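Here is the file coords_0.cif (mmCIF, C-alpha atoms).
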data_entry
loop_
_atom_site.label_atom_id
_atom_site.label_comp_id
_atom_site.auth_asym_id
_atom_site.auth_seq_id
_atom_site.Cartn_x
_atom_site.Cartn_y
_atom_site.Cartn_z
CA MET A 1441 175.39 -12.37 215.05
CA HIS A 1442 171.84 -12.74 216.35
CA ARG A 1443 169.74 -9.69 215.66
CA VAL A 1444 167.00 -8.63 218.11
CA PRO A 1445 163.92 -6.85 216.69
CA PRO A 1446 162.90 -3.56 218.28
CA SER A 1447 159.79 -5.05 219.91
CA GLU A 1448 162.01 -7.50 221.83
CA GLN A 1449 164.27 -4.65 222.91
CA THR A 1450 161.23 -2.78 224.18
CA LYS A 1451 160.02 -5.91 225.97
CA GLU A 1452 163.41 -6.16 227.69
CA ALA A 1453 163.14 -2.48 228.67
CA ILE A 1454 159.80 -3.26 230.36
CA ARG A 1455 161.40 -6.16 232.26
CA THR A 1456 164.20 -3.84 233.39
CA PHE A 1457 161.63 -1.28 234.48
CA PHE A 1458 159.89 -3.76 236.77
CA LYS A 1459 163.24 -4.96 238.10
CA ASP A 1460 165.10 -1.68 238.65
CA GLY A 1461 162.33 0.92 238.58
CA SER A 1462 162.06 4.16 236.66
CA ALA A 1463 165.14 5.94 235.40
CA GLY A 1464 163.57 9.26 236.30
CA GLY A 1465 160.31 11.15 235.97
CA ASP A 1466 156.82 9.75 236.49
CA PRO A 1467 157.06 5.92 236.61
CA LYS A 1468 153.42 5.45 235.57
CA SER A 1469 153.87 7.59 232.46
CA GLU A 1470 157.10 5.80 231.56
CA LEU A 1471 155.43 2.40 231.85
CA VAL A 1472 152.48 3.52 229.70
CA ARG A 1473 154.86 4.85 227.01
CA LEU A 1474 156.79 1.57 226.97
CA GLY A 1475 153.53 -0.37 226.71
CA ILE A 1476 152.29 1.73 223.78
CA GLN A 1477 155.69 1.44 222.08
CA ARG A 1478 155.69 -2.34 222.40
CA VAL A 1479 152.14 -2.76 221.05
CA ILE A 1480 152.87 -0.52 218.05
CA GLU A 1481 156.16 -2.26 217.19
CA GLU A 1482 154.68 -5.75 217.51
CA THR A 1483 151.74 -4.78 215.28
CA LEU A 1484 154.03 -3.31 212.61
CA GLU A 1485 156.42 -6.28 212.72
CA ALA A 1486 153.55 -8.74 212.38
CA ALA A 1487 152.28 -6.85 209.33
CA THR A 1488 155.77 -6.88 207.80
CA ARG A 1489 156.18 -10.60 208.50
CA ASP A 1490 152.88 -11.30 206.71
CA LEU A 1491 153.88 -9.02 203.85
CA LEU A 1492 157.24 -10.73 203.18
CA ASP A 1493 156.05 -14.22 204.23
CA ARG A 1494 159.11 -14.78 206.41
CA ASP A 1495 160.27 -13.97 209.88
CA TYR A 1496 162.65 -11.30 211.06
CA TYR A 1497 166.21 -11.77 209.73
CA GLU A 1498 165.16 -14.91 207.79
CA ARG A 1499 166.72 -15.34 204.34
CA ARG A 1500 164.57 -15.02 201.27
CA THR A 1501 163.85 -18.24 199.40
CA ALA A 1502 162.94 -18.82 195.76
CA GLY A 1503 159.61 -17.32 194.83
CA GLN A 1504 159.58 -14.81 197.68
CA HIS A 1505 159.62 -11.10 196.94
CA GLY A 1506 160.65 -7.99 198.77
CA SER A 1507 163.28 -7.40 201.38
CA ARG A 1508 163.71 -5.52 204.61
CA ASN A 1509 165.43 -2.20 204.49
CA GLY A 1510 166.09 -1.37 208.13
CA TYR A 1511 163.91 0.78 210.32
CA ARG A 1512 162.87 4.39 210.44
CA ALA A 1513 161.87 6.28 213.55
CA GLY A 1514 158.22 6.99 214.19
CA ARG A 1515 156.84 9.39 216.76
CA LEU A 1516 153.47 9.68 218.41
CA ALA A 1517 152.25 12.44 220.75
CA THR A 1518 150.23 11.10 223.67
CA ALA A 1519 149.03 12.42 227.03
CA GLU A 1520 151.95 10.55 228.60
CA GLY A 1521 154.47 12.35 226.43
CA GLU A 1522 156.08 11.54 223.09
CA VAL A 1523 156.34 7.84 222.22
CA ARG A 1524 159.11 6.83 219.80
CA TYR A 1525 158.90 3.51 217.98
CA ALA A 1526 160.66 1.66 215.15
CA VAL A 1527 158.87 1.31 211.80
CA PRO A 1528 160.08 -1.57 209.53
CA GLN A 1529 160.93 -0.48 205.98
CA VAL A 1530 160.59 -2.82 202.98
CA ARG A 1531 161.36 -2.56 199.29
CA ASP A 1532 160.69 -4.41 196.03
CA VAL A 1533 157.16 -5.34 197.09
CA ALA A 1534 154.43 -5.54 194.46
CA ALA A 1535 151.17 -3.72 194.94
CA ASP A 1536 149.19 -6.98 194.91
CA LEU A 1537 151.16 -8.18 197.93
CA VAL A 1538 150.38 -4.95 199.76
CA ALA A 1539 146.69 -5.56 199.02
CA ALA A 1540 147.07 -9.12 200.31
CA VAL A 1541 148.57 -7.81 203.54
CA ARG A 1542 145.69 -5.39 203.94
CA SER A 1543 143.20 -8.23 203.50
CA ARG A 1544 145.03 -10.24 206.19
CA VAL A 1545 145.10 -7.28 208.55
CA ALA A 1546 141.37 -6.90 207.92
CA GLY A 1547 141.04 -10.30 209.57
CA ARG A 1548 142.51 -8.73 212.73
CA THR A 1549 140.11 -5.76 212.68
CA GLU A 1550 139.02 -6.30 216.28
CA GLU A 1551 142.59 -6.11 217.59
CA VAL A 1552 143.40 -3.05 215.47
CA GLU A 1553 140.22 -1.30 216.57
CA ARG A 1554 140.88 -2.11 220.21
CA LEU A 1555 144.36 -0.62 219.89
CA GLY A 1556 142.93 2.49 218.24
CA LEU A 1557 140.39 2.82 221.04
CA GLU A 1558 143.04 2.56 223.75
CA LEU A 1559 145.24 5.11 222.00
CA PHE A 1560 142.28 7.51 221.88
CA ALA A 1561 141.60 6.95 225.57
CA ARG A 1562 145.27 7.74 226.26
CA GLY A 1563 144.87 11.14 224.65
CA CYS A 1564 145.93 10.51 221.03
CA SER A 1565 143.97 12.59 218.56
CA THR A 1566 142.16 10.98 215.61
CA ARG A 1567 144.80 12.54 213.31
CA ASP A 1568 147.62 10.85 215.30
CA ILE A 1569 145.88 7.48 215.16
CA GLU A 1570 145.27 7.82 211.43
CA GLU A 1571 148.97 8.53 210.85
CA LEU A 1572 150.00 5.61 213.05
CA PHE A 1573 148.09 3.09 210.95
CA ARG A 1574 149.13 4.56 207.59
CA GLY A 1575 150.59 1.89 205.29
CA PRO A 1576 153.39 2.02 202.66
CA ASP A 1577 150.94 3.07 199.94
CA GLY A 1578 149.84 6.14 201.91
CA ARG A 1579 146.45 4.77 202.89
CA SER A 1580 145.54 4.28 206.54
CA LEU A 1581 144.02 1.14 207.99
CA LEU A 1582 142.04 3.42 210.28
CA SER A 1583 140.89 6.72 208.84
CA ARG A 1584 139.76 9.57 211.06
CA THR A 1585 136.16 8.67 210.23
CA ALA A 1586 136.83 5.06 211.22
CA VAL A 1587 138.46 6.16 214.48
CA SER A 1588 135.44 8.33 215.26
CA GLU A 1589 133.17 5.36 214.63
CA ILE A 1590 135.33 3.12 216.83
CA THR A 1591 135.33 5.60 219.69
CA GLU A 1592 131.54 5.60 219.67
CA ALA A 1593 131.98 2.40 221.68
CA LEU A 1594 133.21 4.66 224.47
CA TRP A 1595 129.94 6.58 224.37
CA GLN A 1596 127.93 3.37 224.63
CA GLU A 1597 130.17 2.29 227.49
CA TYR A 1598 129.64 5.65 229.20
CA GLU A 1599 125.86 5.47 228.80
CA ALA A 1600 125.82 2.01 230.38
CA PHE A 1601 128.04 3.31 233.21
CA ALA A 1602 125.82 6.37 233.81
CA THR A 1603 122.59 4.33 234.04
CA ARG A 1604 123.78 1.17 235.81
CA ASP A 1605 122.24 -0.13 239.03
CA LEU A 1606 124.10 1.09 242.15
CA SER A 1607 122.35 -1.02 244.77
CA ASP A 1608 125.33 -3.38 245.01
CA ILE A 1609 127.61 -0.45 246.05
CA ASP A 1610 127.48 0.16 249.80
CA PRO A 1611 129.27 3.50 250.28
CA LEU A 1612 131.02 4.24 253.54
CA TYR A 1613 132.64 7.52 252.46
CA LEU A 1614 131.28 9.41 249.43
CA PHE A 1615 133.48 12.01 247.68
CA VAL A 1616 131.95 14.58 245.31
CA ASP A 1617 133.58 17.38 243.34
CA GLY A 1618 133.10 19.32 240.13
CA LEU A 1619 135.50 19.69 237.19
CA ALA A 1620 135.18 22.77 234.97
CA GLU A 1621 135.40 21.64 231.34
CA ARG A 1622 134.49 23.31 228.06
CA LEU A 1623 131.82 21.02 226.62
CA ARG A 1624 131.19 23.16 223.54
CA PRO A 1625 133.76 25.15 221.53
CA GLY A 1626 133.67 28.85 222.37
CA ALA A 1627 131.29 28.37 225.30
CA PRO A 1628 132.17 28.98 228.96
CA ARG A 1629 133.37 26.04 230.99
CA ASP A 1630 130.63 23.96 232.60
CA ALA A 1631 130.81 21.84 235.71
CA VAL A 1632 131.13 18.08 235.26
CA LEU A 1633 130.19 16.44 238.57
CA VAL A 1634 132.17 13.36 239.60
CA ALA A 1635 131.50 11.03 242.54
CA TRP A 1636 133.54 8.16 243.92
CA ALA A 1637 133.30 6.19 247.14
CA ILE A 1638 135.13 3.98 249.59
CA THR A 1639 132.79 1.08 250.33
CA TRP A 1640 132.36 -0.82 253.58
CA SER A 1641 134.58 -3.54 252.11
CA GLY A 1642 137.38 -0.99 251.56
CA LYS A 1643 137.11 -0.84 247.77
CA LYS A 1644 137.45 2.49 245.92
CA VAL A 1645 134.81 2.87 243.21
CA LEU A 1646 134.14 5.55 240.59
CA ILE A 1647 130.37 6.01 240.85
CA HIS A 1648 129.24 8.67 238.42
CA VAL A 1649 130.38 11.30 235.90
CA THR A 1650 127.79 13.67 234.49
CA PRO A 1651 127.68 17.22 233.08
CA GLY A 1652 125.87 20.07 234.81
CA THR A 1653 125.39 23.71 233.94
CA LYS A 1654 127.01 24.75 237.22
CA GLU A 1655 127.44 23.63 240.82
CA SER A 1656 124.02 25.02 241.75
CA THR A 1657 121.74 23.48 244.36
CA ASP A 1658 119.23 22.27 241.76
CA CYS A 1659 121.90 20.71 239.56
CA CYS A 1660 123.65 19.01 242.48
CA ARG A 1661 120.35 17.85 243.95
CA GLU A 1662 119.44 16.24 240.63
CA PHE A 1663 122.87 14.57 240.58
CA PHE A 1664 122.37 13.04 244.06
CA GLU A 1665 118.76 12.07 243.43
CA ASP A 1666 119.81 10.18 240.31
CA LEU A 1667 122.31 8.21 242.41
CA LYS A 1668 119.64 7.39 244.98
CA ARG A 1669 117.09 6.41 242.32
CA ARG A 1670 119.60 3.89 241.04
CA GLY A 1671 119.95 2.36 244.50
CA LEU A 1672 122.88 4.14 246.20
CA ALA A 1673 122.52 4.01 249.99
CA ASP A 1674 123.36 6.81 252.42
CA PRO A 1675 127.06 6.91 253.35
CA VAL A 1676 128.42 7.70 256.80
CA LEU A 1677 130.34 10.74 255.52
CA VAL A 1678 130.06 12.94 252.41
CA ILE A 1679 133.19 14.91 251.46
CA THR A 1680 132.75 18.05 249.32
CA ASP A 1681 134.44 21.37 248.66
CA GLY A 1682 132.89 24.68 249.73
CA ALA A 1683 130.43 25.14 246.84
CA PRO A 1684 127.20 26.27 248.55
CA GLY A 1685 124.95 24.44 246.10
CA LEU A 1686 126.84 21.20 246.55
CA ILE A 1687 126.72 21.54 250.36
CA ARG A 1688 122.97 22.20 250.48
CA ALA A 1689 122.19 19.37 248.08
CA ALA A 1690 124.35 16.89 250.01
CA GLU A 1691 122.66 17.76 253.30
CA GLU A 1692 119.19 17.46 251.75
CA CYS A 1693 119.77 14.20 249.88
CA PHE A 1694 121.86 12.41 252.52
CA PRO A 1695 120.28 13.49 255.83
CA LEU A 1696 121.70 10.51 257.73
CA ALA A 1697 125.31 11.30 256.77
CA MET A 1698 127.85 13.70 258.22
CA ARG A 1699 129.40 16.26 255.88
CA GLN A 1700 133.17 16.84 255.71
CA ARG A 1701 134.52 20.09 254.23
CA CYS A 1702 137.61 19.42 252.09
CA LEU A 1703 140.50 20.75 254.18
CA ALA A 1704 142.77 21.30 251.17
CA HIS A 1705 140.26 23.79 249.73
CA ARG A 1706 139.70 25.38 253.13
CA MET A 1707 143.44 25.90 253.76
CA ARG A 1708 143.81 27.60 250.37
CA ASN A 1709 140.94 29.92 251.31
CA LEU A 1710 142.59 30.77 254.63
CA MET A 1711 146.03 31.44 253.16
CA ALA A 1712 144.50 33.80 250.57
CA LYS A 1713 143.28 36.05 253.41
CA LEU A 1714 146.64 36.32 255.20
CA PRO A 1715 149.94 38.13 254.56
CA ASP A 1716 152.83 35.87 253.61
CA GLU A 1717 154.76 36.42 256.84
CA VAL A 1718 152.01 34.87 258.99
CA HIS A 1719 151.17 31.90 256.75
CA THR A 1720 153.28 29.37 258.65
CA GLU A 1721 152.11 30.39 262.13
CA PHE A 1722 148.41 30.53 261.23
CA LYS A 1723 148.56 27.32 259.20
CA GLN A 1724 150.11 25.37 262.08
CA ALA A 1725 147.42 26.60 264.46
CA ALA A 1726 144.61 25.77 262.03
CA LEU A 1727 145.95 22.31 261.24
CA ALA A 1728 146.35 21.60 264.95
CA ALA A 1729 142.60 22.09 265.32
CA TYR A 1730 141.67 20.18 262.16
CA HIS A 1731 143.96 17.25 263.04
CA ALA A 1732 143.15 17.17 266.75
CA PRO A 1733 142.71 13.74 268.40
CA SER A 1734 139.09 14.46 269.31
CA VAL A 1735 136.21 16.81 268.55
CA ALA A 1736 136.41 18.37 272.04
CA MET A 1737 140.13 19.11 271.62
CA ALA A 1738 139.49 20.60 268.16
CA ARG A 1739 136.92 23.01 269.59
CA ALA A 1740 139.32 24.07 272.35
CA LEU A 1741 142.08 24.71 269.79
CA ARG A 1742 139.64 26.69 267.67
CA GLN A 1743 138.97 29.02 270.58
CA ASP A 1744 142.70 29.42 271.15
CA LEU A 1745 143.24 30.40 267.50
CA VAL A 1746 140.39 32.92 267.62
CA GLU A 1747 141.89 34.58 270.70
CA ARG A 1748 145.39 34.72 269.15
CA PHE A 1749 144.52 36.04 265.69
CA GLY A 1750 140.98 37.45 265.94
CA THR A 1751 142.01 41.07 266.40
CA ARG A 1752 144.83 41.13 263.82
CA TYR A 1753 143.29 39.03 261.02
CA PRO A 1754 139.49 39.12 261.38
CA ALA A 1755 138.77 38.02 257.78
CA ALA A 1756 140.89 34.88 258.10
CA VAL A 1757 139.47 34.04 261.53
CA THR A 1758 135.90 34.48 260.25
CA CYS A 1759 136.70 32.10 257.38
CA PHE A 1760 138.23 29.65 259.88
CA GLU A 1761 135.15 29.66 262.12
CA GLU A 1762 132.73 29.34 259.20
CA ASP A 1763 131.54 25.74 258.75
CA PHE A 1764 134.06 24.61 261.37
CA GLU A 1765 132.00 21.61 262.48
CA ALA A 1766 132.05 20.26 258.91
CA CYS A 1767 135.84 20.66 258.85
CA ILE A 1768 136.24 18.37 261.89
CA ALA A 1769 133.53 15.82 261.07
CA GLN A 1770 136.26 13.32 260.14
CA LEU A 1771 137.44 13.29 263.77
CA ARG A 1772 134.46 11.07 264.64
CA CYS A 1773 135.78 8.39 262.26
CA PRO A 1774 138.56 5.85 263.01
CA PRO A 1775 142.01 7.57 263.27
CA GLN A 1776 143.52 5.48 260.46
CA HIS A 1777 140.87 6.74 258.03
CA ARG A 1778 141.09 10.47 258.75
CA ARG A 1779 143.99 11.27 256.45
CA MET A 1780 142.22 9.91 253.36
CA ILE A 1781 138.73 11.31 254.09
CA ARG A 1782 139.48 14.92 255.05
CA THR A 1783 140.15 16.06 251.45
CA THR A 1784 139.03 15.32 247.90
CA ASN A 1785 142.67 14.98 246.77
CA LEU A 1786 142.13 11.70 244.95
CA LEU A 1787 139.56 13.39 242.73
CA GLU A 1788 141.98 16.27 242.14
CA ARG A 1789 144.66 13.83 240.94
CA LEU A 1790 142.04 12.14 238.77
CA PHE A 1791 141.12 15.49 237.23
CA ARG A 1792 144.78 16.24 236.41
CA GLU A 1793 145.03 12.86 234.66
CA GLU A 1794 141.88 13.64 232.68
CA ARG A 1795 143.06 17.14 231.76
CA ARG A 1796 146.33 15.78 230.33
CA ARG A 1797 144.43 13.52 227.97
CA VAL A 1798 141.93 16.17 226.89
CA ASN A 1799 144.71 18.67 226.21
CA ALA A 1800 146.72 16.10 224.23
CA ALA A 1801 143.69 15.29 222.06
CA GLY A 1802 143.38 18.93 220.98
CA THR A 1803 140.04 20.51 220.11
CA LEU A 1804 137.03 18.34 220.90
CA PHE A 1805 133.77 19.34 219.27
CA GLY A 1806 130.64 18.93 221.31
CA GLU A 1807 129.58 17.59 224.68
CA ARG A 1808 129.53 14.01 223.46
CA ALA A 1809 133.17 14.01 222.31
CA VAL A 1810 134.36 15.60 225.56
CA LEU A 1811 132.35 13.29 227.81
CA LYS A 1812 133.44 10.06 226.19
CA LEU A 1813 137.10 11.04 226.42
CA MET A 1814 136.65 12.24 230.00
CA TYR A 1815 134.97 8.98 230.93
CA ALA A 1816 137.66 6.92 229.20
CA ALA A 1817 140.42 8.79 231.04
CA LEU A 1818 138.71 8.72 234.46
CA ILE A 1819 137.62 5.08 234.41
CA ARG A 1820 141.09 3.91 233.31
CA ALA A 1821 142.80 6.01 235.96
CA SER A 1822 140.42 4.69 238.63
CA ASP A 1823 141.36 1.11 237.71
CA ARG A 1824 144.73 1.75 239.38
CA TRP A 1825 143.20 2.73 242.73
CA ARG A 1826 144.26 0.60 245.66
CA GLY A 1827 141.69 -0.42 248.24
CA VAL A 1828 141.61 0.37 251.95
CA GLN A 1829 141.91 -2.21 254.69
CA ILE A 1830 139.11 -1.86 257.25
CA THR A 1831 139.67 -3.93 260.39
CA ALA A 1832 136.89 -5.63 262.34
CA PHE A 1833 137.38 -3.14 265.19
CA GLU A 1834 137.11 -0.15 262.82
CA ARG A 1835 133.98 -1.64 261.29
CA ARG A 1836 132.35 -1.89 264.74
CA GLN A 1837 133.34 1.74 265.41
CA LEU A 1838 131.74 2.83 262.14
CA GLU A 1839 128.58 0.83 262.76
CA GLN A 1840 128.22 2.51 266.17
CA LEU A 1841 128.80 5.89 264.52
CA ARG A 1842 126.08 5.17 261.98
CA GLU A 1843 123.66 4.28 264.79
CA GLN A 1844 124.55 7.55 266.55
CA LEU A 1845 123.89 9.53 263.36
CA GLN A 1846 120.52 7.83 262.92
CA ALA A 1847 119.61 8.64 266.53
CA GLU A 1848 120.69 12.28 266.07
CA HIS A 1849 118.59 12.50 262.90
CA ARG A 1850 115.51 11.12 264.68
CA LYS A 1851 116.03 13.59 267.50
CA ARG A 1852 116.35 16.55 265.12
CA HIS A 1853 113.19 15.59 263.24
CA ALA A 1854 111.08 14.43 266.16
CA PRO A 1855 107.66 16.12 266.20
CA VAL A 1856 107.43 19.04 268.57
CA VAL A 1857 104.83 18.36 271.25
CA ALA A 1858 103.65 21.19 273.42
CA PRO A 1859 103.97 20.38 277.12
CA ALA A 1860 100.69 19.39 278.68
CA GLN A 1861 99.11 22.04 280.84
CA LYS A 1862 99.02 21.16 284.48
CA ILE A 1863 95.43 20.92 285.73
CA THR A 1864 95.15 21.91 289.34
CA ALA A 1865 92.18 20.55 291.25
CA PRO A 1866 90.35 22.91 293.57
CA PRO A 1867 91.62 22.63 297.09
CA SER A 1868 89.67 20.16 299.12
CA ARG A 1869 87.61 21.69 301.87
CA ILE A 1870 88.78 20.38 305.17
CA TYR A 1871 86.39 22.36 307.26
CA SER A 1872 83.07 24.03 306.96
CA LYS A 1873 81.66 27.16 308.40
CA GLN A 1874 78.33 25.58 308.60
CA ARG A 1875 77.46 23.95 311.80
CA THR A 1876 76.35 20.41 311.65
#
Please rewrite the model in this file as structure tokens.
Amino acid sequence: MHRVPPSEQTKEAIRTFFKDGSAGGDPKSELVRLGIQRVIEETLEAATRDLLDRDYYERRTAGQHGSRNGYRAGRLATAEGEVRYAVPQVRDVAADLVAAVRSRVAGRTEEVERLGLELFARGCSTRDIEELFRGPDGRSLLSRTAVSEITEALWQEYEAFATRDLSDIDPLYLFVDGLAERLRPGAPRDAVLVAWAITWSGKKVLIHVTPGTKESTDCCREFFEDLKRRGLADPVLVITDGAPGLIRAAEECFPLAMRQRCLAHRMRNLMAKLPDEVHTEFKQAALAAYHAPSVAMARALRQDLVERFGTRYPAAVTCFEEDFEACIAQLRCPPQHRRMIRTTNLLERLFREERRRVNAAGTLFGERAVLKLMYAALIRASDRWRGVQITAFERRQLEQLREQLQAEHRKRHAPVVAPAQKITAPPSRIYSKQRT
């Protein structure tokens, strides 16, 4: 009977996944777990093949030593959940052959290190990675110190990312939000500012990730000024939450752009000011205004909501009227784009992905350790973003909108000239009292 090694069984499971889909749960997490399982099993089987000098289920010949002794189950905790894999067991192997295998594996250091780096980026702790690469003699091919040295490549990658030239990125819509993360053990959580954009070509790009003490005006202004120093142009629309410092900094640094208030954050604020029994009615009225077909219709629906609920729920209505124009800025953009630009939801999903990896890695000591893992998680998650199709007609609409915004900016900042005083000439004398 032909025996199939575990790595081949895992490979077949991946084929079945692409053919039939996920059996349940998050399909992305399931695919990542299968991928990690396959890489681990192939690495362990290759090491065993080199150790015994013969392939899987191949009979031993004269002069060969050692034999296979089945498999034992291995487990690895990752941000995607527990990964189970098969570990080949061998017996009757001399210590010199184990040393020979280790010298051969040393020739594949780059591949092993790359695997260790990817496992770290997926949320595996240095302890988990050390255990994964532990050999039959109890020693690990990658110690925790070695893993820490390998992951320094992530810091170098992050530094290059955080200082790169941005002049080749032409942002159409710029999204900015802050993620509260504990950068130092025992200290309060600090804001890590993240920006991504949809470009004029329809591509989604992660632009910047940097720590800040808080979402203050000065900190956010420095964040935006750094982007502009590196060549980032003004977008048509900047999407933020309701942080006052972030709003002021965005308006100062991108004066030619409109500002969109994230509607997901705004709706949460509104619902917090209302009793449960009126949530549905008020929410429908508010969304009718925010999702109106035009700015004029949105303003009319705003007035209707104020008249209906103003007396009964003044706090909620005040919140609704506050910054209303920023909540409907997206209505000036093409209709097909409005759904994806009225919230910062993509950043929120990105933050959840990052948080899963940070939590799985356990305690991280220092800003540097947190930032390199955050960057690794965010940049890998952003690689799966799908672009946006922008038609030629929509592009012309957006170009006209940009011209309108530039004209509005010039009008707002035009020098004030006092009207010239009218000089009245003395009335001409049409007669004279003097006789001629």
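With only C-alpha atoms as the atoms that count, the residue of A:Phe1760, A:Tyr1511, A:Phe1664, A:Tyr1613 with the shortest distance to Met1707 of chain A is A:Phe1760.
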| Looking at A:Tyr1815, A:Phe1764, A:Phe1833, A:Gln1770, which one is nearest to Glu1599 of chain A, with distances taken over all atoms listed in the file? | A:Tyr1815
| message | as a PyMOL selection string, please: the residues near Leu1696 of chain A (cut-off 8 Å, only C-alpha atoms, same-chain neighbours under 5 positions excluded). | response | chain A and resi 1674-1676+1845-1846+1849
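Here the question is which of A:Ala1593, A:Leu1667, A:Met1780, A:Ala1704 gets nearest to Ala1816 of chain A using only C-alpha atoms, and that residue is A:Ala1593.
Here the PyMOL selection byres ((chain A and resi 1640) around 9) matches the residues A:Ile1609, A:Asp1610, A:Pro1611, A:Leu1612, A:Tyr1613, A:Ile1638, A:Thr1639, A:Ser1641, A:Gly1642, A:Lys1643, A:Ile1830, A:Arg1835.
Rounded to one decimal, atom CA of Gly1750 of chain A and atom CA of Leu1686 of chain A lie 29.0 Å from each other.
Here atom CA of Arg1842 of chain A and atom CA of Val1856 of chain A stand 24.2 Å from one another.
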With 6 Å added on each side, what axis-aligned box encloses every listed atom of segment 1752-1758 of chain A? Give the centre and edge lengths in Å to one decimal, as lines of an AutoDock Vina configuration file.
center_x = 140.4
center_y = 37.6
center_z = 260.8
size_x = 20.9
size_y = 19.1
size_z = 18.0
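Going from atom CA of Leu1474 of chain A to atom CA of Val1444 of chain A covers 16.9 Å.
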| Which residue out of A:Ala1635, A:Val1527, A:Arg1670, A:Glu1692 has the minimum interatomic distance to Thr1650 of chain A when all atoms listed in the file are used? | A:Ala1635
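Nearest residue to Arg1779 of chain A among A:His1731, A:Glu1843, A:Ser1607, A:Phe1615 is A:His1731, counting only C-alpha atoms.
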Could you add the missing atoms to segment 1601-1613 of chain A, up to N, CA and C atoms, and return them as a short mmCIF file (atom, residue, chain, number, x, y, z; two decimals), in the coordinates of the input?
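In the end it all went to selection_9.cif:
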data_model
loop_
_atom_site.label_atom_id
_atom_site.label_comp_id
_atom_site.auth_asym_id
_atom_site.auth_seq_id
_atom_site.Cartn_x
_atom_site.Cartn_y
_atom_site.Cartn_z
N PHE A 1601 127.47 2.95 231.90
CA PHE A 1601 128.04 3.31 233.21
C PHE A 1601 127.13 4.31 233.94
N ALA A 1602 126.59 5.29 233.20
CA ALA A 1602 125.82 6.37 233.81
C ALA A 1602 124.40 5.96 234.15
N THR A 1603 123.96 4.78 233.74
CA THR A 1603 122.59 4.33 234.04
C THR A 1603 122.57 3.00 234.79
N ARG A 1604 123.73 2.50 235.19
CA ARG A 1604 123.78 1.17 235.81
C ARG A 1604 123.16 1.20 237.21
N ASP A 1605 122.79 0.02 237.69
CA ASP A 1605 122.24 -0.13 239.03
C ASP A 1605 123.35 0.03 240.07
N LEU A 1606 123.10 0.81 241.13
CA LEU A 1606 124.10 1.09 242.15
C LEU A 1606 123.77 0.43 243.48
N SER A 1607 122.76 -0.43 243.50
CA SER A 1607 122.35 -1.02 244.77
C SER A 1607 123.39 -1.97 245.35
N ASP A 1608 124.31 -2.47 244.50
CA ASP A 1608 125.33 -3.38 245.01
C ASP A 1608 126.54 -2.62 245.56
N ILE A 1609 126.54 -1.28 245.48
CA ILE A 1609 127.61 -0.45 246.05
C ILE A 1609 127.13 0.08 247.40
N ASP A 1610 127.84 -0.28 248.45
CA ASP A 1610 127.48 0.16 249.80
C ASP A 1610 128.51 1.19 250.26
N PRO A 1611 128.24 2.48 250.02
CA PRO A 1611 129.27 3.50 250.28
C PRO A 1611 129.44 3.77 251.78
N LEU A 1612 130.68 3.82 252.19
CA LEU A 1612 131.02 4.24 253.54
C LEU A 1612 131.36 5.73 253.54
N TYR A 1613 132.27 6.12 252.64
CA TYR A 1613 132.64 7.52 252.46
C TYR A 1613 132.37 7.89 251.00
#
